[in-house]
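Data from final.csv: CSV, C-alpha atoms
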chain,number,residue,atom,x,y,z
N,26,MET,CA,143.4,119.0,105.1
N,27,ALA,CA,143.6,121.7,107.8
N,28,THR,CA,140.3,123.1,109.0
N,29,SER,CA,139.6,126.8,109.4
N,30,ARG,CA,141.1,126.6,112.9
N,31,GLY,CA,143.4,123.7,112.1
N,32,SER,CA,146.6,123.1,114.1
N,33,LEU,CA,150.1,123.2,112.6
N,34,VAL,CA,153.5,122.2,113.8
N,35,VAL,CA,156.5,123.8,112.0
N,36,VAL,CA,159.8,121.9,112.4
N,37,GLY,CA,162.7,124.4,112.2
N,38,ALA,CA,163.1,127.9,113.7
N,39,GLY,CA,165.1,129.3,110.9
N,40,ILE,CA,163.8,132.2,108.8
N,41,VAL,CA,161.7,129.9,106.4
N,42,GLY,CA,160.0,128.1,109.3
N,43,LEU,CA,159.3,131.2,111.3
N,44,ALA,CA,157.9,133.0,108.2
N,45,THR,CA,155.7,130.0,107.5
N,46,ALA,CA,154.3,129.9,111.1
N,47,ARG,CA,153.6,133.7,110.9
N,48,ARG,CA,151.9,133.4,107.5
N,49,TYR,CA,149.7,130.5,108.7
N,50,LEU,CA,148.6,132.6,111.7
N,51,GLU,CA,147.9,135.5,109.4
N,52,VAL,CA,145.7,133.3,107.1
N,53,ARG,CA,144.2,131.2,109.8
N,54,PRO,CA,144.0,133.5,112.9
N,55,GLY,CA,143.3,131.6,116.1
N,56,SER,CA,144.9,128.4,114.9
N,57,GLU,CA,147.2,126.4,117.2
N,58,VAL,CA,150.7,126.8,115.8
N,59,THR,CA,153.9,125.5,117.3
N,60,VAL,CA,157.4,126.0,116.0
N,61,VAL,CA,159.8,123.2,117.2
N,62,ASP,CA,163.6,123.4,117.0
N,63,LYS,CA,166.4,121.4,118.7
N,64,GLU,CA,168.4,124.5,119.3
N,65,HIS,CA,168.0,126.9,122.3
N,66,HIS,CA,167.6,129.9,120.1
N,67,VAL,CA,166.1,130.8,116.7
N,68,ALA,CA,168.2,131.2,113.5
N,69,VAL,CA,171.2,129.2,114.8
N,70,HIS,CA,172.3,127.7,111.6
N,71,GLN,CA,171.9,128.8,108.0
N,72,THR,CA,169.8,131.9,108.9
N,73,GLY,CA,172.3,133.0,111.5
N,74,HIS,CA,175.3,132.4,109.3
N,75,ASN,CA,173.8,134.0,106.2
N,76,SER,CA,175.7,136.6,104.2
N,77,GLY,CA,172.8,139.0,104.5
N,78,VAL,CA,172.2,139.5,100.8
N,79,VAL,CA,168.8,140.3,99.5
N,80,HIS,CA,169.1,138.9,96.0
N,81,ALA,CA,167.3,140.5,93.0
N,82,GLY,CA,166.8,137.4,91.0
N,83,ILE,CA,169.6,137.6,88.5
N,84,TYR,CA,170.8,134.0,88.5
N,85,TYR,CA,167.8,131.7,88.5
N,86,ALA,CA,166.2,129.8,85.6
N,87,PRO,CA,163.1,131.7,84.3
N,88,GLY,CA,160.0,129.9,85.3
N,89,SER,CA,161.6,128.2,88.3
N,90,LEU,CA,160.3,128.5,91.8
N,91,LYS,CA,163.5,130.3,92.7
N,92,ALA,CA,163.0,133.0,90.1
N,93,ALA,CA,159.4,133.6,91.1
N,94,LEU,CA,159.8,133.4,94.8
N,95,CYS,CA,163.0,135.4,94.9
N,96,ARG,CA,161.4,138.4,93.1
N,97,ARG,CA,158.3,138.2,95.2
N,98,GLY,CA,160.2,137.5,98.4
N,99,GLY,CA,162.6,140.4,97.9
N,100,GLU,CA,159.6,142.9,97.6
N,101,LEU,CA,158.0,141.5,100.7
N,102,LEU,CA,161.2,141.5,102.7
N,103,ARG,CA,161.9,145.2,101.8
N,104,ALA,CA,158.5,146.2,102.9
N,105,TYR,CA,158.7,144.0,106.1
N,106,CYS,CA,162.0,145.6,107.1
N,107,ASN,CA,160.9,149.1,106.4
N,108,ASP,CA,157.6,148.7,108.3
N,109,ARG,CA,159.5,147.4,111.3
N,110,HIS,CA,162.5,149.7,111.1
N,111,LEU,CA,164.9,146.8,110.6
N,112,PRO,CA,168.2,147.7,108.7
N,113,TYR,CA,167.9,147.4,105.0
N,114,GLU,CA,170.6,148.8,102.7
N,115,ALA,CA,170.2,148.8,98.9
N,116,TYR,CA,174.0,148.8,98.2
N,117,GLY,CA,173.7,147.4,94.6
N,118,LYS,CA,175.7,144.6,93.0
N,119,LEU,CA,178.2,144.5,90.2
N,120,VAL,CA,178.6,141.1,88.5
N,121,VAL,CA,182.0,141.5,86.9
N,122,ALA,CA,183.5,140.0,83.8
N,123,ARG,CA,187.3,140.1,84.5
N,124,THR,CA,188.4,139.1,81.0
N,125,PRO,CA,186.9,139.2,77.5
N,126,ASP,CA,186.2,135.4,77.5
N,127,GLU,CA,183.7,136.0,80.3
N,128,LEU,CA,181.7,138.5,78.2
N,129,PRO,CA,179.4,135.9,76.5
N,130,ARG,CA,178.4,134.5,79.9
N,131,LEU,CA,177.8,138.0,81.3
N,132,ARG,CA,175.5,138.8,78.3
N,133,ALA,CA,173.6,135.5,78.8
N,134,LEU,CA,173.2,136.4,82.5
N,135,GLU,CA,171.8,139.7,81.5
N,136,GLN,CA,169.2,138.0,79.3
N,137,ARG,CA,168.2,135.7,82.1
N,138,ALA,CA,167.9,138.5,84.6
N,139,ARG,CA,165.7,140.5,82.2
N,140,ALA,CA,163.6,137.4,81.7
N,141,ASN,CA,163.1,137.4,85.5
N,142,ARG,CA,162.1,141.1,85.4
N,143,VAL,CA,165.0,142.2,87.6
N,144,PRO,CA,164.5,146.0,87.7
N,145,ASP,CA,166.9,148.7,86.5
N,146,LEU,CA,169.7,146.5,85.2
N,147,ALA,CA,172.5,148.1,83.3
N,148,LEU,CA,175.5,146.6,81.4
N,149,LEU,CA,178.5,148.8,82.2
N,150,GLU,CA,181.8,149.5,80.6
N,151,PRO,CA,184.9,150.1,82.7
N,152,PRO,CA,184.5,154.0,83.1
N,153,ALA,CA,180.9,153.5,84.5
N,154,MET,CA,182.1,150.6,86.6
N,155,ALA,CA,184.7,152.8,88.2
N,156,ASP,CA,182.1,155.4,89.1
N,157,LEU,CA,180.5,152.8,91.3
N,158,GLU,CA,183.5,150.7,92.4
N,159,PRO,CA,186.7,152.5,91.7
N,160,HIS,CA,188.9,149.7,93.0
N,161,VAL,CA,187.3,146.8,91.1
N,162,ALA,CA,189.0,145.6,87.9
N,163,GLY,CA,187.1,144.1,84.9
N,164,VAL,CA,186.2,144.6,81.3
N,165,ALA,CA,182.4,144.9,81.9
N,166,ALA,CA,179.8,144.4,84.6
N,167,LEU,CA,176.1,143.9,85.0
N,168,HIS,CA,174.8,146.4,87.6
N,169,SER,CA,171.8,145.5,89.8
N,170,PRO,CA,171.1,148.6,91.9
N,171,HIS,CA,168.4,147.1,94.1
N,172,THR,CA,170.4,144.1,95.4
N,173,ALA,CA,170.5,144.8,99.1
N,174,ALA,CA,171.7,143.7,102.6
N,175,VAL,CA,169.8,143.0,105.8
N,176,ASP,CA,170.5,141.2,109.1
N,177,TYR,CA,168.6,137.9,108.7
N,178,GLY,CA,169.1,137.0,112.3
N,179,ARG,CA,167.2,140.1,113.4
N,180,VAL,CA,164.5,139.5,110.8
N,181,ALA,CA,164.1,135.9,112.2
N,182,GLU,CA,163.9,137.2,115.8
N,183,THR,CA,161.2,139.7,114.8
N,184,LEU,CA,159.3,136.9,113.0
N,185,ALA,CA,159.5,134.8,116.1
N,186,ARG,CA,158.1,137.6,118.3
N,187,GLU,CA,155.2,138.0,115.9
N,188,VAL,CA,154.4,134.3,115.9
N,189,GLU,CA,154.1,134.5,119.7
N,190,ASP,CA,152.2,137.8,119.6
N,191,ARG,CA,149.7,136.1,117.2
N,192,GLY,CA,149.2,133.2,119.7
N,193,GLY,CA,151.7,130.7,118.4
N,194,ARG,CA,154.4,129.2,120.5
N,195,LEU,CA,158.1,128.4,120.2
N,196,LEU,CA,159.2,125.0,121.6
N,197,LEU,CA,163.0,125.3,121.6
N,198,ALA,CA,165.7,122.9,122.8
N,199,THR,CA,163.3,120.1,121.6
N,200,GLU,CA,164.2,117.6,119.0
N,201,VAL,CA,161.8,116.0,116.6
N,202,THR,CA,162.4,112.2,116.4
N,203,GLY,CA,159.5,111.0,114.4
N,204,PHE,CA,156.0,111.3,113.0
N,205,ALA,CA,153.0,109.0,113.6
N,206,THR,CA,149.5,108.8,112.3
N,207,ASP,CA,146.5,107.0,113.9
N,208,HIS,CA,142.7,107.4,114.0
N,209,ALA,CA,143.2,110.7,115.9
N,210,GLY,CA,145.4,112.2,113.3
N,211,LEU,CA,149.1,113.2,113.1
N,212,LYS,CA,151.5,113.2,116.0
N,213,VAL,CA,154.9,114.8,115.9
N,214,VAL,CA,157.1,112.8,118.2
N,215,THR,CA,159.6,115.0,120.1
N,216,SER,CA,162.1,114.8,123.0
N,217,ALA,CA,159.6,116.7,125.1
N,218,GLY,CA,156.6,114.4,124.2
N,219,ASP,CA,154.1,114.0,121.4
N,220,LEU,CA,152.5,117.0,119.7
N,221,ALA,CA,149.0,116.2,118.2
N,222,THR,CA,148.4,118.4,115.1
N,223,ASP,CA,146.4,118.5,111.9
N,224,ARG,CA,149.4,119.3,109.7
N,225,ALA,CA,153.1,119.7,109.9
N,226,VAL,CA,155.8,121.5,107.8
N,227,THR,CA,159.4,120.6,108.0
N,228,CYS,CA,161.8,123.5,107.3
N,229,ALA,CA,164.9,121.8,108.7
N,230,GLY,CA,167.7,123.1,106.5
N,231,LEU,CA,170.8,121.1,107.2
N,232,HIS,CA,168.6,118.2,108.3
N,233,ALA,CA,165.9,118.5,105.7
N,234,ASP,CA,166.3,115.1,104.3
N,235,ARG,CA,166.4,113.4,107.7
N,236,LEU,CA,163.1,115.0,108.8
N,237,ALA,CA,161.5,114.1,105.5
N,238,ARG,CA,162.5,110.5,105.8
N,239,LEU,CA,161.1,110.4,109.3
N,240,ALA,CA,157.8,111.5,107.7
N,241,GLY,CA,157.9,108.7,105.2
N,242,ASP,CA,159.7,110.2,102.3
N,243,GLY,CA,162.5,108.5,100.3
N,244,PRO,CA,166.2,109.3,100.5
N,245,ASP,CA,166.5,111.3,97.3
N,246,PRO,CA,167.7,114.0,97.3
N,247,ALA,CA,170.1,114.0,100.2
N,248,ILE,CA,171.5,117.0,101.9
N,249,VAL,CA,175.3,117.5,101.4
N,250,PRO,CA,176.8,120.2,103.6
N,251,PHE,CA,179.3,122.6,102.1
N,252,ARG,CA,181.3,124.8,104.4
N,253,GLY,CA,182.0,128.3,103.2
N,254,ASP,CA,185.1,130.1,104.7
N,255,TYR,CA,185.0,133.8,104.8
N,256,TYR,CA,187.5,136.6,105.4
N,257,ARG,CA,186.5,140.2,106.2
N,258,LEU,CA,188.2,143.3,105.0
N,259,ALA,CA,190.2,145.0,107.8
N,260,PRO,CA,188.1,148.1,109.0
N,261,ASP,CA,190.6,150.6,107.5
N,262,ARG,CA,190.3,148.8,104.1
N,263,ALA,CA,186.5,148.3,104.0
N,264,GLY,CA,186.3,151.3,101.6
N,265,LEU,CA,187.9,149.2,98.8
N,266,VAL,CA,184.4,147.8,98.1
N,267,ARG,CA,181.3,150.0,98.3
N,268,GLY,CA,178.6,147.4,97.7
N,269,LEU,CA,178.5,143.9,96.4
N,270,VAL,CA,180.9,142.5,93.8
N,271,TYR,CA,180.2,139.1,92.3
N,272,PRO,CA,181.8,136.9,89.6
N,273,VAL,CA,180.1,135.7,86.5
N,274,PRO,CA,178.9,132.2,87.1
N,275,ASP,CA,180.6,129.4,85.2
N,276,PRO,CA,178.0,126.8,84.3
N,277,ARG,CA,180.7,124.1,84.2
N,278,TYR,CA,181.1,124.4,88.0
N,279,PRO,CA,178.6,124.1,90.8
N,280,PHE,CA,179.8,127.0,93.0
N,281,LEU,CA,179.9,130.7,92.4
N,282,GLY,CA,183.4,131.5,93.7
N,283,VAL,CA,184.9,134.2,95.9
N,284,HIS,CA,182.9,137.5,96.0
N,285,PHE,CA,182.6,140.7,98.1
N,286,THR,CA,179.6,141.5,100.3
N,287,ARG,CA,179.0,144.7,102.2
N,288,ARG,CA,176.9,144.1,105.3
N,289,VAL,CA,174.4,146.4,107.0
N,290,SER,CA,177.0,146.8,109.8
N,291,GLY,CA,179.4,148.4,107.3
N,292,GLY,CA,181.9,145.6,107.1
N,293,VAL,CA,182.8,143.8,103.9
N,294,ASP,CA,182.9,140.0,103.8
N,295,VAL,CA,185.1,138.2,101.2
N,296,GLY,CA,184.2,134.7,100.2
N,297,PRO,CA,183.0,132.1,100.5
N,298,ASN,CA,184.8,129.2,99.0
N,299,ALA,CA,182.9,125.9,99.1
N,300,VAL,CA,184.4,122.7,100.6
N,301,LEU,CA,182.7,119.6,101.8
N,302,ALA,CA,181.9,119.9,105.5
N,303,LEU,CA,182.7,116.8,107.5
N,304,GLY,CA,179.5,117.2,109.5
N,305,ARG,CA,176.2,119.0,109.0
N,306,GLU,CA,177.1,121.5,111.7
N,307,ALA,CA,180.9,121.3,111.4
N,308,TYR,CA,181.7,125.0,111.1
N,309,ARG,CA,185.3,124.6,112.1
N,310,ARG,CA,187.8,123.2,109.5
N,311,THR,CA,188.9,120.5,112.0
N,312,ALA,CA,185.4,119.5,113.1
N,313,VAL,CA,184.2,116.0,112.2
N,314,ASP,CA,180.9,114.3,112.9
N,315,ARG,CA,181.5,110.6,112.3
N,316,HIS,CA,177.8,109.8,111.9
N,317,ASP,CA,177.3,112.6,109.3
N,318,LEU,CA,180.4,111.7,107.5
N,319,ALA,CA,179.5,108.0,107.2
N,320,GLU,CA,176.1,108.9,105.9
N,321,LEU,CA,177.6,111.3,103.4
N,322,LEU,CA,180.1,108.8,102.1
N,323,ALA,CA,177.4,106.2,101.6
N,324,TRP,CA,175.3,108.5,99.4
N,325,PRO,CA,176.1,107.6,95.7
N,326,GLY,CA,175.2,111.1,94.6
N,327,LEU,CA,178.2,112.5,96.5
N,328,ARG,CA,180.6,110.1,94.8
N,329,ARG,CA,179.2,111.0,91.4
N,330,LEU,CA,179.4,114.7,92.2
N,331,ALA,CA,183.0,114.5,93.2
N,332,TRP,CA,183.9,112.5,90.1
N,333,HIS,CA,182.4,115.1,87.8
N,334,HIS,CA,183.7,118.2,89.6
N,335,TRP,CA,186.9,117.2,91.3
N,336,PRO,CA,189.0,119.9,89.6
N,337,ALA,CA,186.8,122.6,91.1
N,338,GLY,CA,186.8,120.8,94.4
N,339,VAL,CA,190.6,120.9,94.5
N,340,ARG,CA,190.6,124.6,93.8
N,341,GLU,CA,188.1,125.2,96.6
N,342,VAL,CA,190.1,123.1,99.1
N,343,ALA,CA,193.3,125.0,98.1
N,344,SER,CA,191.6,128.3,98.9
N,345,SER,CA,190.4,127.0,102.2
N,346,VAL,CA,193.9,125.9,103.4
N,347,SER,CA,195.9,128.7,101.9
N,348,LYS,CA,195.3,132.3,102.5
N,349,LEU,CA,197.5,133.2,99.6
N,350,VAL,CA,195.4,131.2,97.2
N,351,PHE,CA,192.3,132.8,98.6
N,352,LEU,CA,193.9,136.3,98.2
N,353,ALA,CA,194.8,135.5,94.6
N,354,ALA,CA,191.1,134.8,93.8
N,355,ALA,CA,190.0,138.0,95.6
N,356,ARG,CA,192.7,140.1,93.9
N,357,SER,CA,191.4,139.2,90.5
N,358,TYR,CA,188.5,141.5,91.3
N,359,VAL,CA,190.2,144.0,93.6
N,360,PRO,CA,193.9,144.2,92.7
N,361,ASP,CA,194.7,146.6,95.6
N,362,LEU,CA,194.1,143.9,98.2
N,363,ASP,CA,197.0,142.8,100.4
N,364,LEU,CA,197.3,139.8,102.6
N,365,ARG,CA,197.0,141.9,105.8
N,366,ASP,CA,193.7,143.3,104.5
N,367,LEU,CA,192.0,140.0,105.1
N,368,VAL,CA,191.0,139.1,108.6
N,369,PRO,CA,189.2,135.8,109.6
N,370,ALA,CA,185.4,135.8,109.7
N,371,PRO,CA,182.9,133.2,110.8
N,372,SER,CA,182.2,130.3,108.4
N,373,GLY,CA,178.8,129.1,107.2
N,374,ILE,CA,177.4,125.8,106.0
N,375,ARG,CA,175.2,125.5,103.0
N,376,ALA,CA,172.6,122.7,102.9
N,377,GLN,CA,172.7,121.6,99.3
N,378,ALA,CA,170.5,118.8,98.0
N,379,VAL,CA,172.3,116.4,95.7
N,380,ASP,CA,170.3,113.7,93.9
N,381,ARG,CA,171.3,110.1,93.4
N,382,ALA,CA,172.9,110.9,90.0
N,383,GLY,CA,175.3,113.4,91.5
N,384,ARG,CA,173.5,116.5,90.3
N,385,LEU,CA,173.1,119.6,92.6
N,386,VAL,CA,169.3,120.2,92.9
N,387,ASP,CA,169.0,123.8,91.7
N,388,ASP,CA,165.4,124.7,92.4
N,389,PHE,CA,163.4,124.8,95.7
N,390,VAL,CA,161.9,121.4,96.3
N,391,VAL,CA,158.8,120.6,98.4
N,392,HIS,CA,157.4,117.1,98.9
N,393,ASP,CA,153.8,116.5,99.9
N,394,LEU,CA,153.7,113.6,102.3
N,395,GLY,CA,150.0,113.5,103.3
N,396,PRO,CA,149.7,115.5,106.5
N,397,VAL,CA,153.3,116.5,106.3
N,398,LEU,CA,154.7,119.1,103.9
N,399,ALA,CA,158.5,118.6,103.6
N,400,VAL,CA,160.9,121.3,102.3
N,401,ARG,CA,163.6,119.2,100.8
N,402,ASN,CA,165.8,121.9,99.2
N,403,ALA,CA,165.9,125.5,100.1
N,404,PRO,CA,169.4,126.9,99.5
N,405,SER,CA,170.2,130.5,98.5
N,406,PRO,CA,168.1,132.6,97.8
N,407,ALA,CA,165.8,131.0,100.5
N,408,ALA,CA,166.4,133.8,103.0
N,409,THR,CA,165.5,136.5,100.4
N,410,SER,CA,162.5,134.4,99.4
N,411,SER,CA,161.4,133.4,102.9
N,412,LEU,CA,158.2,135.4,103.1
N,413,ALA,CA,157.2,134.3,99.6
N,414,ILE,CA,158.1,130.7,100.4
N,415,ALA,CA,155.9,131.0,103.4
N,416,GLU,CA,153.0,132.1,101.1
N,417,HIS,CA,153.6,129.2,98.8
N,418,LEU,CA,153.7,126.6,101.6
N,419,VAL,CA,150.6,128.0,103.4
N,420,ASP,CA,148.7,128.0,100.1
N,421,ARG,CA,149.5,124.3,99.8
N,422,LEU,CA,148.5,123.7,103.4
N,423,VAL,CA,145.1,125.3,103.2
N,424,GLY,CA,144.3,124.1,99.7
N,425,ALA,CA,144.7,127.3,97.6
N,426,PRO,CA,146.5,127.1,94.3
N,427,ALA,CA,150.3,126.9,94.9

Representation of the structure as structure tokens:
Amino acid sequence: MATSRGSLVVVGAGIVGLATARRYLEVRPGSEVTVVDKEHHVAVHQTGHNSGVVHAGIYYAPGSLKAALCRRGGELLRAYCNDRHLPYEAYGKLVVARTPDELPRLRALEQRARANRVPDLALLEPPAMADLEPHVAGVAALHSPHTAAVDYGRVAETLAREVEDRGGRLLLATEVTGFATDHAGLKVVTSAGDLATDRAVTCAGLHADRLARLAGDGPDPAIVPFRGDYYRLAPDRAGLVRGLVYPVPDPRYPFLGVHFTRRVSGGVDVGPNAVLALGREAYRRTAVDRHDLAELLAWPGLRRLAWHHWPAGVREVASSVSKLVFLAAARSYVPDLDLRDLVPAPSGIRAQAVDRAGRLVDDFVVHDLGPVLAVRNAPSPAATSSLAIAEHLVDRLVGAPA
């Protein structure tokens, strides 16, 4: 247990790790806090490739950590951005039922969102939809007016500065290679030498399972990386979508599907699809990491996931290799789109935990490994929830009720 001035090492300089370091220094001022990351800059991976959406909490199972921390985190993030004059745009979101057979799922989603106390929801018919998004087709939509957009990279950079301003330090370009305990306590073994500390938290995203195993945890669940390919609306066509336009989730399939996201910069991203990445940091379609791939193929959960969801996987791969297939999916929401309206945009990789049975782990997962607290699964809406996740983790570190 950390003492009142106990030291902490946070592994991972993404938004969750930085928020956790900042929160710990807020609760335990004067503590020795070090954030370690193998990259030369903060927010290099999931945080820096994030779509920028501040989720309102529509999708998540009531009572789950995701539902609770998304709602709390969104409120904290809005206040954080406003206080620091960071861009924050409440564009609003339409979750669109394209055909009558999607209406029961849309109504079920509305019930879930209301159970999660998502504010000011409205179920809209086509005339009201057209007032908000005149180019979007559908038979009904759920409107969430407070769904917003931020620049998570800038938020992370601001958190990093605040960690340093509060006396913490960032140890970048430094890889964590192990954990060891002896009579003196915990040591975090790094490429720059050992760090003696009272406690450690791993917020390692794409490498979450590897860091947890180094700390003594088991292999389940394993991180499976899924690459998301994006296009962006050409600047002269960005007006086709005013805010965010999302599909109604299909519970038979593990991925959401193509959607439209207006960014704080004013551009509109279209995507992503979701295809298995051939490396945890393989952002290009042709990139392969042989070690990562061998590890992936050896995980029985991946084989079982592929067996159960191969039809969806085939569709996702088709949309990745064919712009026409991608366009067809996008046009089912915005029929006025043309092939030349879509220009390539950077890809992202989602760190998704998959258990041994082949199930995608839906909720946030944190394992307590004695002096190490390991975040094993923190997919979307982790960025939205980051400040609330930090509260949750620090409460566990200092012994308050989680």

Taking all atoms listed in the file into account, name the residue in N:Ala104, N:Asp361, N:Arg47, N:Ile40 that is nearest to Glu189 in chain N.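 When distances to Glu189 in chain N are compared using all atoms listed in the file, the smallest one comes from N:Arg47.
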
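Among the candidates N:Val36, N:Ser405, N:Ala237, N:Val419, the one nearest to Arg53 in chain N when counting all atoms listed in the file is N:Val419.
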
One decimal, Å: what's the distance from CA of Val58 in chain N over to CA of Thr199 in chain N, could you say?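 Those two atoms sit 15.4 Å apart.
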
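Reported to one decimal place, the separation of CA of Ala378 in chain N from CA of Val35 in chain N is 20.4 Å.
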
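Between CA of Ala181 in chain N and CA of Leu102 in chain N the separation is 11.4 Å.
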
Measuring between all atoms listed in the file, which one of N:Thr311, N:Ser89, N:Thr124, N:Thr72 shows the shortest distance to Val180 in chain N?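 Counting all atoms listed in the file, the residue closest to Val180 in chain N is N:Thr72.
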
Nearest to Gly117 in chain N: which of N:Ala93, N:Val313, N:Val266, N:Ile248 is it, counting only C-alpha atoms? N:Val266

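In this comparison, which uses all atoms listed in the file, the residue of N:Val368, N:Ala353, N:Leu269, N:Val249 approaching Glu158 in chain N most closely is N:Leu269.
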
Using all atoms listed in the file, I'd like a table of the residues in range 231-350 of chain N that come within 10 Å of range 129-151 of chain N; for each, show the closest atom pair and its distance in Å rounded to one decimal, ordered by chain and ascending number, as CSV.
residue,atom,partner,partner_atom,distance
N:Pro272,CA,N:Leu131,CA,9.3
N:Val273,CA,N:Leu131,CA,6.1
N:Pro274,CA,N:Arg130,CA,7.6
N:Asp275,CA,N:Arg130,CA,7.7
N:Pro276,CA,N:Arg130,CA,8.9

Sorted by chain and rising residue number, list the residues of range 112-226 of chain N at most 12 Å from range 286-307 of chain N (counting all atoms listed in the file), each with its closest atom pair and distance in Å to one decimal, as CSV.
residue,atom,partner,partner_atom,distance
N:Pro112,CA,N:Val289,CA,6.6
N:Tyr113,CA,N:Val289,CA,6.9
N:Glu114,CA,N:Val289,CA,6.2
N:Ala115,CA,N:Val289,CA,9.4
N:Tyr116,CA,N:Arg287,CA,7.6
N:Gly117,CA,N:Arg287,CA,9.7
N:Lys118,CA,N:Thr286,CA,8.8
N:Leu119,CA,N:Thr286,CA,10.6
N:Val120,CA,N:Thr286,CA,11.8
N:Thr172,CA,N:Thr286,CA,10.7
N:Ala173,CA,N:Arg288,CA,8.9
N:Ala174,CA,N:Val289,CA,5.8
N:Val175,CA,N:Val289,CA,5.8
N:Asp176,CA,N:Val289,CA,6.8
N:Tyr177,CA,N:Val289,CA,10.4
N:Arg179,CA,N:Val289,CA,11.5

Residues near Pro371 in chain N, cut-off 12 Å, only C-alpha atoms, skip fewer than 4 positions along chain, as a PDB file with C-alpha atoms, keeping the file's coordinate frame:
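For reference, part-v3.pdb as written:
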ATOM      1  CA  HIS N  70     172.300 127.700 111.600  1.00  0.00           C
ATOM      2  CA  GLY N  73     172.300 133.000 111.500  1.00  0.00           C
ATOM      3  CA  HIS N  74     175.300 132.400 109.300  1.00  0.00           C
ATOM      4  CA  ASN N  75     173.800 134.000 106.200  1.00  0.00           C
ATOM      5  CA  SER N  76     175.700 136.600 104.200  1.00  0.00           C
ATOM      6  CA  ARG N 252     181.300 124.800 104.400  1.00  0.00           C
ATOM      7  CA  GLY N 253     182.000 128.300 103.200  1.00  0.00           C
ATOM      8  CA  ASP N 254     185.100 130.100 104.700  1.00  0.00           C
ATOM      9  CA  TYR N 255     185.000 133.800 104.800  1.00  0.00           C
ATOM     10  CA  TYR N 256     187.500 136.600 105.400  1.00  0.00           C
ATOM     11  CA  ARG N 257     186.500 140.200 106.200  1.00  0.00           C
ATOM     12  CA  ASP N 294     182.900 140.000 103.800  1.00  0.00           C
ATOM     13  CA  VAL N 295     185.100 138.200 101.200  1.00  0.00           C
ATOM     14  CA  GLY N 296     184.200 134.700 100.200  1.00  0.00           C
ATOM     15  CA  PRO N 297     183.000 132.100 100.500  1.00  0.00           C
ATOM     16  CA  TYR N 308     181.700 125.000 111.100  1.00  0.00           C
ATOM     17  CA  ARG N 309     185.300 124.600 112.100  1.00  0.00           C
ATOM     18  CA  ARG N 310     187.800 123.200 109.500  1.00  0.00           C
TER      19      ARG N 310
END

What would the list of residues within 12 Å of (151.4, 116.3, 121.2) (file frame) look like as a VMD selection string, if all atoms listed in the file are what count? chain N and resid 32 to 34 57 to 59 61 196 201 203 to 206 209 to 223 225

When distances are computed from all atoms listed in the file, which of N:Arg384, N:Arg277, N:Arg356, N:His208 shows the smallest separation from Arg328 in chain N?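 Using all atoms listed in the file, the shortest distance to Arg328 in chain N belongs to N:Arg384.
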
Residue contacts of Ala354 in chain N (9 Å, only C-alpha atoms) excluding same-chain residues fewer than 4 positions away, as a VMD selection string: chain N and resid 282 to 284 344 349 to 350 358

Closest-contact table, range 117-207 of chain N side, partner range 65-68 of chain N, 8 Å, counting only C-alpha atoms, as CSV:
residue,atom,partner,partner_atom,distance
N:Gly178,CA,N:Ala68,CA,6.0
N:Ala181,CA,N:Ala68,CA,6.4
N:Glu182,CA,N:Val67,CA,6.8
N:Ala185,CA,N:Val67,CA,7.7
N:Leu197,CA,N:His65,CA,5.3
N:Ala198,CA,N:His65,CA,4.6

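Using only C-alpha atoms, the protein and nucleic acid residues lying no more than 10 Å from Gln377 in chain N, apart from those fewer than 6 places from it along its own chain, are N:Gly230, N:Leu231, N:Ala233, N:Pro246, N:Ala247, N:Ile248, N:Val249, N:Pro250, N:Phe251, N:Leu385, N:Val386, N:Asp387, N:Arg401, N:Asn402, N:Ala403, N:Pro404, N:Ser405.
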
Mind completing range 219-227 of chain N with N, CA and C atoms? Output as an mmCIF file, in the coordinates of the input, please?
data_model
loop_
_atom_site.group_PDB
_atom_site.id
_atom_site.type_symbol
_atom_site.label_atom_id
_atom_site.label_comp_id
_atom_site.auth_asym_id
_atom_site.auth_seq_id
_atom_site.Cartn_x
_atom_site.Cartn_y
_atom_site.Cartn_z
ATOM 1 N N ASP N 219 154.828 113.967 122.660
ATOM 2 C CA ASP N 219 154.100 114.000 121.400
ATOM 3 C C ASP N 219 153.307 115.288 121.243
ATOM 4 N N LEU N 220 153.283 115.805 120.010
ATOM 5 C CA LEU N 220 152.500 117.000 119.700
ATOM 6 C C LEU N 220 151.374 116.516 118.707
ATOM 7 N N ALA N 221 150.124 116.564 119.118
ATOM 8 C CA ALA N 221 149.000 116.200 118.200
ATOM 9 C C ALA N 221 148.723 117.459 117.348
ATOM 10 N N THR N 222 148.554 117.240 116.046
ATOM 11 C CA THR N 222 148.400 118.400 115.100
ATOM 12 C C THR N 222 147.626 117.874 113.878
ATOM 13 N N ASP N 223 147.026 118.813 113.161
ATOM 14 C CA ASP N 223 146.400 118.500 111.900
ATOM 15 C C ASP N 223 147.427 118.336 110.771
ATOM 16 N N ARG N 224 148.372 119.279 110.724
ATOM 17 C CA ARG N 224 149.400 119.300 109.700
ATOM 18 C C ARG N 224 150.731 119.625 110.276
ATOM 19 N N ALA N 225 151.786 119.305 109.516
ATOM 20 C CA ALA N 225 153.100 119.700 109.900
ATOM 21 C C ALA N 225 153.904 120.116 108.656
ATOM 22 N N VAL N 226 154.836 121.020 108.853
ATOM 23 C CA VAL N 226 155.800 121.500 107.800
ATOM 24 C C VAL N 226 157.158 121.290 108.330
ATOM 25 N N THR N 227 158.046 120.667 107.551
ATOM 26 C CA THR N 227 159.400 120.600 108.000
ATOM 27 C C THR N 227 160.264 121.570 107.145
#
